[in-house]
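Worksheet: the structure to be examined is printed underneath.
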Amino acid sequence: MNISSIVIQTLPKYLDSVVENLKKSGVCEYHMHDEKGRVIVTIEGVNVEEELKKLKVIEAIPHISSADMQMSYSEEELSSHMEVLENADLVPKVLTDENIKVEDIVYRGDLKKKDLIGFAKIFDSANK
């Protein structure tokens, strides 16, 4: 089970409405807010993909200007990913293959342009 905290920002004039909608959403647990419009909730999911789907529901609530995952915890996923990393080559094969041109290497580290749900599916499949 994954547990993640989400920091949400809204305008103070919409705070009561946003908090009420978060409580009714069924995808998160409300914890606290301040007068500046910052709200803290947690979400739970069996994997990263489920958490990201819940985050999308939160982001779609009216008057939420941002909702960002801040902290995440998953002992089961951490253990399985550590096992994958411990059994992996120290240097990725793409970096040691002399037949691959530098311009053919694709950088996949920019999460802002990624399909995060698709990324989570690949990430979660490494655990199976």
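FYI, nothing fancy with the structure tokens labels: chains A, B, ... in order, residues from 1 per chain, ligands from 1 as they appear.
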What's the 10 Å shell around Ser25 (chain A), counting only C-alpha atoms, without same-chain residues fewer than 4 positions away, as a PyMOL selection string? chain A and resi 19-21+29+54+57-58+61
Output of the above residues as a PDB file, in the first residue's frame, restricted to N, CA and C atoms:
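Wrote selection_33.pdb, looks like this:
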ATOM      1  N   VAL A  19     -12.328  22.556   0.413  1.00  0.00           N
ATOM      2  CA  VAL A  19     -12.214  21.596   1.520  1.00  0.00           C
ATOM      3  C   VAL A  19     -13.431  20.672   1.534  1.00  0.00           C
ATOM      4  N   GLU A  20     -14.613  21.224   1.363  1.00  0.00           N
ATOM      5  CA  GLU A  20     -15.833  20.410   1.349  1.00  0.00           C
ATOM      6  C   GLU A  20     -15.801  19.405   0.194  1.00  0.00           C
ATOM      7  N   ASN A  21     -15.393  19.854  -0.995  1.00  0.00           N
ATOM      8  CA  ASN A  21     -15.315  18.964  -2.156  1.00  0.00           C
ATOM      9  C   ASN A  21     -14.251  17.878  -1.976  1.00  0.00           C
ATOM     10  N   GLU A  29      -7.945  11.792   2.186  1.00  0.00           N
ATOM     11  CA  GLU A  29      -8.291  12.089   3.576  1.00  0.00           C
ATOM     12  C   GLU A  29      -7.799  13.504   3.878  1.00  0.00           C
ATOM     13  N   LYS A  54      -5.975   9.139  -8.502  1.00  0.00           N
ATOM     14  CA  LYS A  54      -6.631   9.905  -7.433  1.00  0.00           C
ATOM     15  C   LYS A  54      -6.172  11.361  -7.459  1.00  0.00           C
ATOM     16  N   VAL A  57      -8.159  13.242  -9.972  1.00  0.00           N
ATOM     17  CA  VAL A  57      -9.498  13.590  -9.469  1.00  0.00           C
ATOM     18  C   VAL A  57      -9.406  14.860  -8.623  1.00  0.00           C
ATOM     19  N   ILE A  58      -8.398  14.933  -7.770  1.00  0.00           N
ATOM     20  CA  ILE A  58      -8.202  16.111  -6.918  1.00  0.00           C
ATOM     21  C   ILE A  58      -7.941  17.347  -7.773  1.00  0.00           C
ATOM     22  N   ILE A  61     -11.001  19.160  -9.208  1.00  0.00           N
ATOM     23  CA  ILE A  61     -11.960  19.835  -8.326  1.00  0.00           C
ATOM     24  C   ILE A  61     -11.916  21.338  -8.614  1.00  0.00           C
TER      25      ILE A  61
END
Test item: residues at most 9 Å from Leu11 (chain A), only C-alpha atoms, excluding those fewer than 5 positions along its chain, as a list of chain:residue names: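 The contact residues come out as A:Lys36, A:Gly37, A:Arg38, A:His63, A:Ile64, A:Ser65.
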I'd like to know which residues of chain A are helix (DSSP H, G or I) (by DSSP, run on the backbone); could you write them as number ranges by chain? A: 12-25, 48-59, 75-86, 93-96, 102-104, 111-113, 116-125
Tell me which of A:Ser125, A:Gln70, A:Thr10, A:Ser80 sits closest to His33 (chain A), counting only C-alpha atoms.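 Once distances to His33 (chain A) are computed over only C-alpha atoms, the minimum belongs to A:Thr10.
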List every residue of chain A that DSSP, applied to the backbone, labels as strand (DSSP E), and write the result as an NGL selection string. :A and (2-10 or 29-33 or 38-45 or 64-73)
Generate a file of the selected residues that holds N, CA and C atoms, formatted as a compact mmCIF listing (two decimals), in the first residue's frame.
# COMPACT_ATOMS: atom_id res chain seq x y z
N ASN A 2 0.56 2.18 -0.87
CA ASN A 2 1.26 3.47 -0.92
C ASN A 2 0.44 4.51 -0.17
N ILE A 3 1.14 5.40 0.49
CA ILE A 3 0.51 6.55 1.15
C ILE A 3 1.30 7.78 0.73
N SER A 4 0.60 8.79 0.22
CA SER A 4 1.27 10.02 -0.22
C SER A 4 0.54 11.25 0.29
N SER A 5 1.32 12.28 0.58
CA SER A 5 0.71 13.54 0.97
C SER A 5 0.61 14.45 -0.25
N ILE A 6 -0.47 15.22 -0.30
CA ILE A 6 -0.72 16.15 -1.39
C ILE A 6 -0.89 17.54 -0.79
N VAL A 7 -0.15 18.50 -1.33
CA VAL A 7 -0.32 19.90 -0.93
C VAL A 7 -1.12 20.57 -2.04
N ILE A 8 -2.23 21.15 -1.64
CA ILE A 8 -3.18 21.78 -2.58
C ILE A 8 -3.18 23.27 -2.33
N GLN A 9 -3.28 24.04 -3.42
CA GLN A 9 -3.37 25.49 -3.30
C GLN A 9 -4.65 25.97 -3.96
N THR A 10 -5.36 26.84 -3.27
CA THR A 10 -6.55 27.49 -3.80
C THR A 10 -6.55 28.93 -3.31
N GLU A 29 -7.95 11.79 2.19
CA GLU A 29 -8.29 12.09 3.58
C GLU A 29 -7.80 13.50 3.88
N TYR A 30 -8.72 14.38 4.25
CA TYR A 30 -8.39 15.77 4.58
C TYR A 30 -7.73 15.82 5.95
N HIS A 31 -6.69 16.69 6.07
CA HIS A 31 -5.99 16.83 7.35
C HIS A 31 -6.02 18.25 7.90
N MET A 32 -5.70 19.23 7.07
CA MET A 32 -5.64 20.60 7.59
C MET A 32 -5.57 21.60 6.44
N HIS A 33 -5.78 22.88 6.79
CA HIS A 33 -5.60 23.97 5.84
C HIS A 33 -5.21 25.23 6.61
N ARG A 38 -3.80 26.99 1.52
CA ARG A 38 -3.05 25.74 1.40
C ARG A 38 -3.78 24.64 2.16
N VAL A 39 -3.91 23.48 1.52
CA VAL A 39 -4.64 22.36 2.10
C VAL A 39 -3.75 21.13 2.03
N ILE A 40 -3.77 20.32 3.09
CA ILE A 40 -3.00 19.07 3.13
C ILE A 40 -3.97 17.90 3.19
N VAL A 41 -3.79 16.95 2.26
CA VAL A 41 -4.56 15.72 2.26
C VAL A 41 -3.59 14.56 2.04
N THR A 42 -4.05 13.34 2.31
CA THR A 42 -3.28 12.16 1.95
C THR A 42 -4.13 11.28 1.05
N ILE A 43 -3.44 10.53 0.21
CA ILE A 43 -4.10 9.54 -0.65
C ILE A 43 -3.42 8.20 -0.42
N GLU A 44 -4.17 7.13 -0.67
CA GLU A 44 -3.63 5.78 -0.58
C GLU A 44 -3.94 5.05 -1.87
N GLY A 45 -3.06 4.14 -2.24
CA GLY A 45 -3.30 3.33 -3.43
C GLY A 45 -2.46 2.07 -3.38
N ILE A 64 -9.15 24.57 -7.59
CA ILE A 64 -7.83 24.14 -7.15
C ILE A 64 -6.83 24.60 -8.19
N SER A 65 -5.90 25.45 -7.77
CA SER A 65 -4.91 25.96 -8.71
C SER A 65 -3.71 25.03 -8.84
N SER A 66 -3.40 24.26 -7.80
CA SER A 66 -2.35 23.25 -7.90
C SER A 66 -2.57 22.18 -6.84
N ALA A 67 -2.14 20.98 -7.18
CA ALA A 67 -2.18 19.85 -6.26
C ALA A 67 -0.94 19.01 -6.56
N ASP A 68 0.00 19.01 -5.64
CA ASP A 68 1.28 18.35 -5.88
C ASP A 68 1.58 17.29 -4.83
N MET A 69 1.99 16.13 -5.31
CA MET A 69 2.40 15.06 -4.42
C MET A 69 3.74 15.47 -3.80
N GLN A 70 3.79 15.48 -2.49
CA GLN A 70 5.00 15.93 -1.80
C GLN A 70 5.82 14.78 -1.24
N MET A 71 5.18 13.87 -0.57
CA MET A 71 5.88 12.74 0.06
C MET A 71 5.10 11.48 -0.24
N SER A 72 5.83 10.39 -0.44
CA SER A 72 5.18 9.12 -0.71
C SER A 72 5.92 8.02 0.04
N TYR A 73 5.16 7.05 0.52
CA TYR A 73 5.77 5.95 1.25
C TYR A 73 5.15 4.63 0.80
Grab the CA of Leu55 (chain A) to CA of Val27 (chain A) distance for me, in Å with one decimal place.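 It comes out at 8.2 Å.
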Interatomic distance (Å, one decimal) between CA of Pro62 (chain A) and CA of Val18 (chain A):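 Calculated distance between CA of Pro62 (chain A) and CA of Val18 (chain A) is 7.2 Å.
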Figure out the distance between CA of Leu90 (chain A) and CA of Met1 (chain A), please, to one decimal in Å.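 Interatomic distance, CA of Met1 (chain A) to CA of Leu90 (chain A): 28.8 Å.
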